[in-house]
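K.L.:
So here's data.tsv (TSV, C-alpha atoms and all ligand atoms).
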chain	number	residue	atom	x	y	z
A	1	MET	CA	0.00	0.00	0.00
A	2	LYS	CA	1.58	3.23	-1.15
A	3	HIS	CA	-1.10	5.86	-0.96
A	4	ILE	CA	-3.91	6.55	1.54
A	5	LEU	CA	-6.72	9.11	1.18
A	6	HIS	CA	-7.72	10.43	4.62
A	7	ILE	CA	-11.10	12.16	4.86
A	8	ASP	CA	-12.71	13.82	7.89
A	9	CYS	CA	-16.25	15.17	8.07
A	10	SER	CA	-16.68	16.68	11.53
A	11	PRO	CA	-16.73	20.49	11.88
A	12	ARG	CA	-15.39	20.11	15.44
A	13	ASP	CA	-11.79	20.24	16.66
A	14	ALA	CA	-12.50	18.11	19.74
A	15	SER	CA	-14.08	15.51	17.51
A	16	HIS	CA	-14.44	11.81	18.28
A	17	SER	CA	-14.61	10.83	14.61
A	18	ARG	CA	-11.41	12.81	13.91
A	19	ASP	CA	-9.63	11.01	16.78
A	20	LEU	CA	-10.95	7.69	15.49
A	21	SER	CA	-9.90	8.23	11.87
A	22	ALA	CA	-6.46	9.43	13.07
A	23	ALA	CA	-6.07	6.22	15.11
A	24	LEU	CA	-7.17	4.09	12.12
A	25	LEU	CA	-4.70	5.93	9.90
A	26	ALA	CA	-1.88	5.46	12.44
A	27	ARG	CA	-2.55	1.71	12.55
A	28	LEU	CA	-2.52	1.50	8.77
A	29	LEU	CA	0.73	3.47	8.59
A	30	LYS	CA	2.29	1.03	11.05
A	31	ARG	CA	1.44	-1.75	8.63
A	32	TYR	CA	2.60	0.23	5.61
A	33	PRO	CA	5.31	2.62	6.80
A	34	GLY	CA	6.13	5.30	4.28
A	35	ALA	CA	2.71	5.31	2.60
A	36	ALA	CA	1.83	8.80	1.37
A	37	VAL	CA	-1.31	10.42	2.79
A	38	THR	CA	-3.61	12.79	0.88
A	39	ARG	CA	-5.87	14.83	3.14
A	40	ARG	CA	-9.42	15.89	2.30
A	41	ASP	CA	-10.94	17.70	5.28
A	42	LEU	CA	-14.61	18.12	4.45
A	43	GLY	CA	-15.45	19.28	7.97
A	44	ARG	CA	-13.16	22.32	7.74
A	45	GLU	CA	-13.23	22.85	3.99
A	46	PRO	CA	-16.53	21.49	2.64
A	47	VAL	CA	-16.93	20.96	-1.07
A	48	PRO	CA	-19.90	22.91	-2.46
A	49	HIS	CA	-23.27	21.33	-2.92
A	50	ALA	CA	-24.05	20.33	-6.51
A	51	ALA	CA	-24.40	23.63	-8.36
A	52	SER	CA	-26.65	24.34	-11.35
A	53	ALA	CA	-24.01	23.63	-14.02
A	54	TYR	CA	-23.03	20.31	-12.39
A	55	ALA	CA	-26.66	19.22	-11.91
A	56	THR	CA	-27.38	20.14	-15.54
A	57	ALA	CA	-24.35	18.17	-16.76
A	58	LEU	CA	-25.61	15.10	-14.91
A	59	SER	CA	-29.22	15.50	-16.03
A	60	SER	CA	-29.06	13.35	-19.20
A	61	PRO	CA	-26.59	11.39	-21.35
A	62	ALA	CA	-26.69	14.21	-23.95
A	63	ALA	CA	-25.86	16.86	-21.34
A	64	LEU	CA	-23.02	14.70	-20.01
A	65	SER	CA	-21.33	14.58	-23.40
A	66	SER	CA	-21.72	18.32	-24.05
A	67	GLY	CA	-18.81	20.75	-24.07
A	68	GLU	CA	-20.04	22.46	-20.87
A	69	ALA	CA	-19.90	19.19	-18.93
A	70	ALA	CA	-16.09	19.20	-18.89
A	71	THR	CA	-15.98	22.49	-16.97
A	72	ALA	CA	-18.89	21.58	-14.71
A	73	THR	CA	-17.28	18.28	-13.67
A	74	HIS	CA	-13.85	19.75	-12.88
A	75	LEU	CA	-14.19	19.39	-9.07
A	76	SER	CA	-15.79	15.97	-9.48
A	77	GLU	CA	-12.79	14.85	-11.59
A	78	GLN	CA	-10.39	16.14	-8.94
A	79	LEU	CA	-12.17	14.25	-6.13
A	80	ILE	CA	-12.54	11.04	-8.16
A	81	GLY	CA	-8.84	11.27	-9.05
A	82	GLU	CA	-7.99	11.36	-5.33
A	83	ILE	CA	-9.85	8.07	-4.88
A	84	GLU	CA	-8.29	6.50	-7.98
A	85	ARG	CA	-4.76	7.36	-6.84
A	86	ALA	CA	-5.35	5.90	-3.36
A	87	ASP	CA	-4.83	2.27	-2.40
A	88	ALA	CA	-7.08	2.72	0.65
A	89	LEU	CA	-9.43	5.31	2.15
A	90	VAL	CA	-9.68	6.20	5.84
A	91	ILE	CA	-12.79	8.20	6.73
A	92	GLY	CA	-13.98	9.77	9.95
A	93	THR	CA	-17.61	10.84	10.08
A	94	PRO	CA	-20.17	11.81	12.68
A	95	MET	CA	-23.68	10.42	12.50
A	96	ASN	CA	-26.05	13.31	11.86
A	97	ASN	CA	-29.77	12.64	11.99
A	98	PHE	CA	-29.38	8.91	11.37
A	99	THR	CA	-27.02	9.24	8.39
A	100	VAL	CA	-23.88	11.02	7.08
A	101	PRO	CA	-23.47	14.79	7.57
A	102	SER	CA	-24.30	16.92	4.55
A	103	VAL	CA	-20.62	17.72	3.88
A	104	PHE	CA	-20.02	14.00	3.30
A	105	LYS	CA	-23.15	13.75	1.12
A	106	ALA	CA	-21.95	16.73	-0.97
A	107	TRP	CA	-18.66	14.84	-1.58
A	108	ILE	CA	-20.57	11.67	-2.53
A	109	ASP	CA	-22.64	13.73	-5.00
A	110	GLN	CA	-19.38	14.58	-6.80
A	111	ILE	CA	-18.17	10.95	-6.85
A	112	LEU	CA	-21.16	8.98	-8.17
A	113	ARG	CA	-21.28	9.89	-11.85
A	114	MET	CA	-22.92	7.88	-14.60
A	115	GLY	CA	-20.44	7.06	-17.35
A	116	ARG	CA	-17.47	7.91	-15.15
A	117	THR	CA	-17.58	5.97	-11.87
A	118	MET	CA	-20.64	3.86	-12.66
A	119	GLY	CA	-22.21	2.34	-15.73
A	120	VAL	CA	-25.49	0.66	-16.40
A	121	THR	CA	-26.26	-2.82	-17.73
A	122	ALA	CA	-28.69	-3.57	-20.56
A	123	THR	CA	-31.27	-4.45	-17.89
A	124	GLY	CA	-30.81	-1.21	-15.95
A	125	GLU	CA	-28.60	-2.27	-13.02
A	126	LYS	CA	-25.74	0.02	-12.04
A	127	THR	CA	-22.21	-1.36	-12.34
A	128	GLY	CA	-19.18	0.13	-10.63
A	129	LEU	CA	-16.29	1.41	-12.76
A	130	LEU	CA	-13.75	2.08	-9.99
A	131	ALA	CA	-11.29	-0.51	-8.71
A	132	ASP	CA	-12.23	-1.96	-5.34
A	133	LYS	CA	-10.01	-0.93	-2.41
A	134	PRO	CA	-10.26	-1.09	1.38
A	135	VAL	CA	-12.25	1.73	3.00
A	136	TYR	CA	-12.00	2.11	6.79
A	137	ILE	CA	-14.88	4.20	8.13
A	138	GLY	CA	-14.84	5.49	11.71
A	139	ILE	CA	-18.25	6.72	12.89
A	140	ALA	CA	-18.96	8.79	16.01
A	141	SER	CA	-22.54	8.88	17.25
A	142	GLY	CA	-24.03	10.57	20.29
A	143	GLY	CA	-26.37	7.62	20.86
A	144	VAL	CA	-26.48	3.93	19.95
A	145	PHE	CA	-27.49	3.03	16.38
A	146	HIS	CA	-25.63	-0.23	15.75
A	147	GLY	CA	-25.73	-3.67	17.33
A	148	ALA	CA	-28.07	-5.44	19.72
A	149	HIS	CA	-28.72	-2.32	21.84
A	150	ALA	CA	-29.51	0.07	18.98
A	151	LYS	CA	-32.08	2.68	19.93
A	152	GLN	CA	-32.42	4.49	16.61
A	153	PRO	CA	-32.51	3.75	12.88
A	154	ASP	CA	-29.28	3.42	10.92
A	155	PHE	CA	-29.32	5.01	7.47
A	156	LEU	CA	-25.57	5.59	7.56
A	157	ILE	CA	-23.94	2.16	7.15
A	158	PRO	CA	-26.50	0.83	4.59
A	159	TYR	CA	-26.26	4.12	2.69
A	160	LEU	CA	-22.46	4.03	2.45
A	161	VAL	CA	-22.55	0.35	1.44
A	162	ALA	CA	-24.94	1.28	-1.41
A	163	ALA	CA	-23.10	4.47	-2.44
A	164	PHE	CA	-19.58	3.00	-2.52
A	165	GLY	CA	-20.95	-0.29	-3.88
A	166	CYS	CA	-22.44	1.27	-6.96
A	167	VAL	CA	-19.04	2.66	-8.00
A	168	GLY	CA	-17.43	-0.76	-7.42
A	169	ILE	CA	-15.96	-0.27	-3.94
A	170	THR	CA	-17.24	-3.04	-1.71
A	171	SER	CA	-14.41	-3.65	0.77
A	172	LEU	CA	-15.76	-1.43	3.54
A	173	GLN	CA	-15.02	-1.85	7.23
A	174	PHE	CA	-17.02	0.16	9.79
A	175	PHE	CA	-15.88	1.24	13.25
A	176	PRO	CA	-18.80	2.69	15.22
A	177	LEU	CA	-17.79	4.65	18.33
A	178	GLN	CA	-21.16	5.04	19.97
A	179	ALA	CA	-22.77	6.96	22.86
A	180	THR	CA	-20.26	9.82	22.73
A	181	ALA	CA	-22.89	11.99	24.46
A	182	PHE	CA	-22.98	9.74	27.49
A	183	LEU	CA	-19.63	8.02	28.03
A	184	ASP	CA	-16.62	9.65	29.72
A	185	GLY	CA	-13.30	10.25	27.98
A	186	ASP	CA	-11.58	7.19	29.47
A	187	ARG	CA	-14.35	4.84	28.38
A	188	LEU	CA	-14.42	6.35	24.89
A	189	ALA	CA	-10.64	5.98	24.59
A	190	THR	CA	-10.96	2.30	25.60
A	191	ASP	CA	-13.77	1.75	23.08
A	192	ARG	CA	-11.75	3.50	20.37
A	193	GLU	CA	-8.70	1.31	21.01
A	194	ALA	CA	-10.85	-1.83	20.87
A	195	LEU	CA	-12.36	-0.74	17.55
A	196	VAL	CA	-9.00	0.06	16.00
A	197	ALA	CA	-7.54	-3.25	17.22
A	198	ALA	CA	-10.24	-5.04	15.21
A	199	MET	CA	-9.03	-3.51	11.93
A	200	ARG	CA	-8.64	-6.29	9.36
B	301	LIG	C1	-26.86	18.01	13.56
B	301	LIG	C2	-26.53	16.82	14.41
B	301	LIG	C3	-27.27	15.67	14.27
B	301	LIG	C4	-26.98	14.55	15.06
B	301	LIG	N1	-27.69	13.42	14.87
B	301	LIG	C5	-27.40	12.31	15.60
B	301	LIG	C6	-28.10	11.10	15.37
B	301	LIG	O1	-28.97	10.98	14.52
B	301	LIG	N2	-27.79	10.04	16.15
B	301	LIG	C7	-26.82	10.09	17.11
B	301	LIG	O2	-26.58	9.08	17.77
B	301	LIG	N3	-26.13	11.24	17.33
B	301	LIG	C8	-26.40	12.34	16.60
B	301	LIG	N4	-25.68	13.49	16.79
B	301	LIG	C9	-24.56	13.49	17.78
B	301	LIG	C10	-23.22	13.24	17.08
B	301	LIG	O3	-23.27	12.05	16.30
B	301	LIG	C11	-22.11	13.11	18.13
B	301	LIG	O4	-22.01	14.32	18.86
B	301	LIG	C12	-20.77	12.76	17.49
B	301	LIG	O5	-19.83	12.51	18.52
B	301	LIG	C13	-20.28	13.89	16.59
B	301	LIG	O6	-19.08	13.52	15.95
B	301	LIG	P1	-17.72	14.29	16.27
B	301	LIG	O7	-17.45	14.07	17.77
B	301	LIG	O8	-16.71	13.64	15.42
B	301	LIG	O9	-17.93	15.74	15.96
B	301	LIG	C14	-25.93	14.61	16.03
B	301	LIG	C15	-25.19	15.79	16.15
B	301	LIG	C16	-25.49	16.89	15.36
B	301	LIG	C17	-24.66	18.14	15.52
Take the structure from the file and write it as structure tokens.
P.N.:
Amino acid sequence: MKHILHIDCSPRDASHSRDLSAALLARLLKRYPGAAVTRRDLGREPVPHAASAYATALSSPAALSSGEAATATHLSEQLIGEIERADALVIGTPMNNFTVPSVFKAWIDQILRMGRTMGVTATGEKTGLLADKPVYIGIASGGVFHGAHAKQPDFLIPYLVAAFGCVGITSLQFFPLQATAFLDGDRLATDREALVAAMR
């Protein structure tokens, strides 16, 4: 492994998902010393929501092959290129209202592009056009959404499985650090270490 893309999505400095993704990255770098890391900090520098020109470019196959589409997909190309150049992704994200925060969704909206990162079969199913690679996703949630004691719906893990899956990336591993609103710092540190130790 030579190249890792490290993405964070929390707007907070004292962020549990940032600490978790940093710990996941550190463990990966121990396994692959010398791997280069590209940083994409969506929490501090969000990418814009899909603007009119981008939405128009994606609105039909004809629009996608127009001259304007090349300019409108410039940011999308840049972000997709970061994934293509990486051998693995490490992501830290909070759970916001049962799913990913909007900064993460805005990034996903730039990645899933018909004819570029996904195709379609004769019978209408989407097929991924990117090479599969490991994606390590650390999640911080104020409450409990995962496992036997879940108290709320989870639209985060199934959503990311579907979103990455439709571009061909299926090797996802999730690390949910839960109940950040209720547990003290020592307990959260212990839980974080246990999660990171389970990295495959
Ligand atoms: C707008 C917003 C929505 C949230 N929605 C949820 C939620 O649906 N479920 C949950 O368990 N926690 C929710 N939380 C709490 C965060 O998941 C929790 O504070 C988490 O630790 C934030 O990640 P961070 O520490 O990396 O910033 C929400 C927080 C915010 C600010």
K.L.:
Can you work out which residues are within 6 Å of ligand LIG 301 (chain B), considering only C-alpha atoms and all ligand atoms, and then hand them over as a ChimeraX atom specification?
P.N.:
/A:10,12,15-18,94-98,140-144,180
K.L.:
I'd like the contact shell of A:Met1 - 10 Å cut-off, only C-alpha atoms, skipping same-chain residues fewer than 3 positions apart - returned as an MDAnalysis selection string.
P.N.:
chainID A and resid 4 28:29 31:36 86:88
K.L.:
Could you check which of A:Leu177, A:Ile108, A:Ala122, A:Val100 is closest to A:Ala189, using only C-alpha atoms?
P.N.:
A:Leu177
K.L.:
Pick from A:Tyr159, A:Phe145, A:Tyr54, A:Tyr136: nearest to A:Phe104, with all atoms listed in the file counted?
P.N.:
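Closest candidate: A:Tyr159.
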K.L.:
Please identify all polymer residues within 12 Å of A:Val90, counting only C-alpha atoms, omitting same-chain residues fewer than 4 positions from it, and present them as a PyMOL selection string.
P.N.:
chain A and resi 3-9+17-29+37-41+83+86+133-139+172-175+196+199
K.L.:
Considering only C-alpha atoms, can you say which of A:Val103, A:Val161, A:Leu195, A:Met114 comes closest to A:Arg44?
P.N.:
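Closest to A:Arg44, using only C-alpha atoms: A:Val103.
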K.L.:
Quote the spacing between atom CA of A:Leu79 and atom CA of A:Asp13 in Å to one decimal place.
P.N.:
23.6 Å
K.L.:
Using only C-alpha atoms for the distances, tell me which of A:Thr117, A:Gln152, A:Ser59, A:Thr123 is nearest to A:Thr99.
P.N.:
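Looking only at the distances to A:Thr99, the closest residue turns out to be A:Gln152.
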K.L.:
Contacts of A:Lys105 at 12 Å or less, counting all atoms listed in the file, minus same-chain residues fewer than 2 places along, as a tab-separated table (two decimals) with C-alpha atoms, in the frame of the given file?
P.N.:
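Result went into part15.tsv, see below:
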chain	number	residue	atom	x	y	z
A	9	CYS	CA	-16.25	15.17	8.07
A	42	LEU	CA	-14.61	18.12	4.45
A	43	GLY	CA	-15.45	19.28	7.97
A	46	PRO	CA	-16.53	21.49	2.64
A	47	VAL	CA	-16.93	20.96	-1.07
A	48	PRO	CA	-19.90	22.91	-2.46
A	49	HIS	CA	-23.27	21.33	-2.92
A	50	ALA	CA	-24.05	20.33	-6.51
A	93	THR	CA	-17.61	10.84	10.08
A	95	MET	CA	-23.68	10.42	12.50
A	96	ASN	CA	-26.05	13.31	11.86
A	99	THR	CA	-27.02	9.24	8.39
A	100	VAL	CA	-23.88	11.02	7.08
A	101	PRO	CA	-23.47	14.79	7.57
A	102	SER	CA	-24.30	16.92	4.55
A	103	VAL	CA	-20.62	17.72	3.88
A	107	TRP	CA	-18.66	14.84	-1.58
A	108	ILE	CA	-20.57	11.67	-2.53
A	109	ASP	CA	-22.64	13.73	-5.00
A	110	GLN	CA	-19.38	14.58	-6.80
A	111	ILE	CA	-18.17	10.95	-6.85
A	112	LEU	CA	-21.16	8.98	-8.17
A	156	LEU	CA	-25.57	5.59	7.56
A	159	TYR	CA	-26.26	4.12	2.69
A	160	LEU	CA	-22.46	4.03	2.45
A	163	ALA	CA	-23.10	4.47	-2.44
A	164	PHE	CA	-19.58	3.00	-2.52
K.L.:
Work out how far atom CA of A:Pro61 is from atom CA of A:Thr121, in Å to one decimal.
P.N.:
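Atom CA of A:Pro61 lies at a distance of 14.7 Å from atom CA of A:Thr121.
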K.L.:
If I take atom CA of A:Gly165 and atom CA of A:Gly115, how far is one from the other in Å, to one decimal?
P.N.:
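Computing the Euclidean distance for atom CA of A:Gly165 and atom CA of A:Gly115 yields 15.4 Å.
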K.L.:
Check the smallest atom-to-atom distance from each of A:Thr170, A:Gln178, A:Ser66, A:Ser76 to A:Thr127 using all atoms listed in the file, then report the winner.
P.N.:
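That would be A:Thr170, the residue with the smallest distance to A:Thr127.
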K.L.:
Smallest atom-to-atom distance to A:Gly81: which of A:Leu130, A:Lys2, A:Asp191, A:Pro11, using only C-alpha atoms?
P.N.:
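For A:Gly81, the nearest of the given residues is A:Leu130.
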K.L.:
Excluding A:Ala57 and residues on its chain fewer than 6 positions from it, collect all residues at most 6 Å away from it, counting only C-alpha atoms, and give them as a PyMOL selection string.
P.N.:
chain A and resi 63-64+69
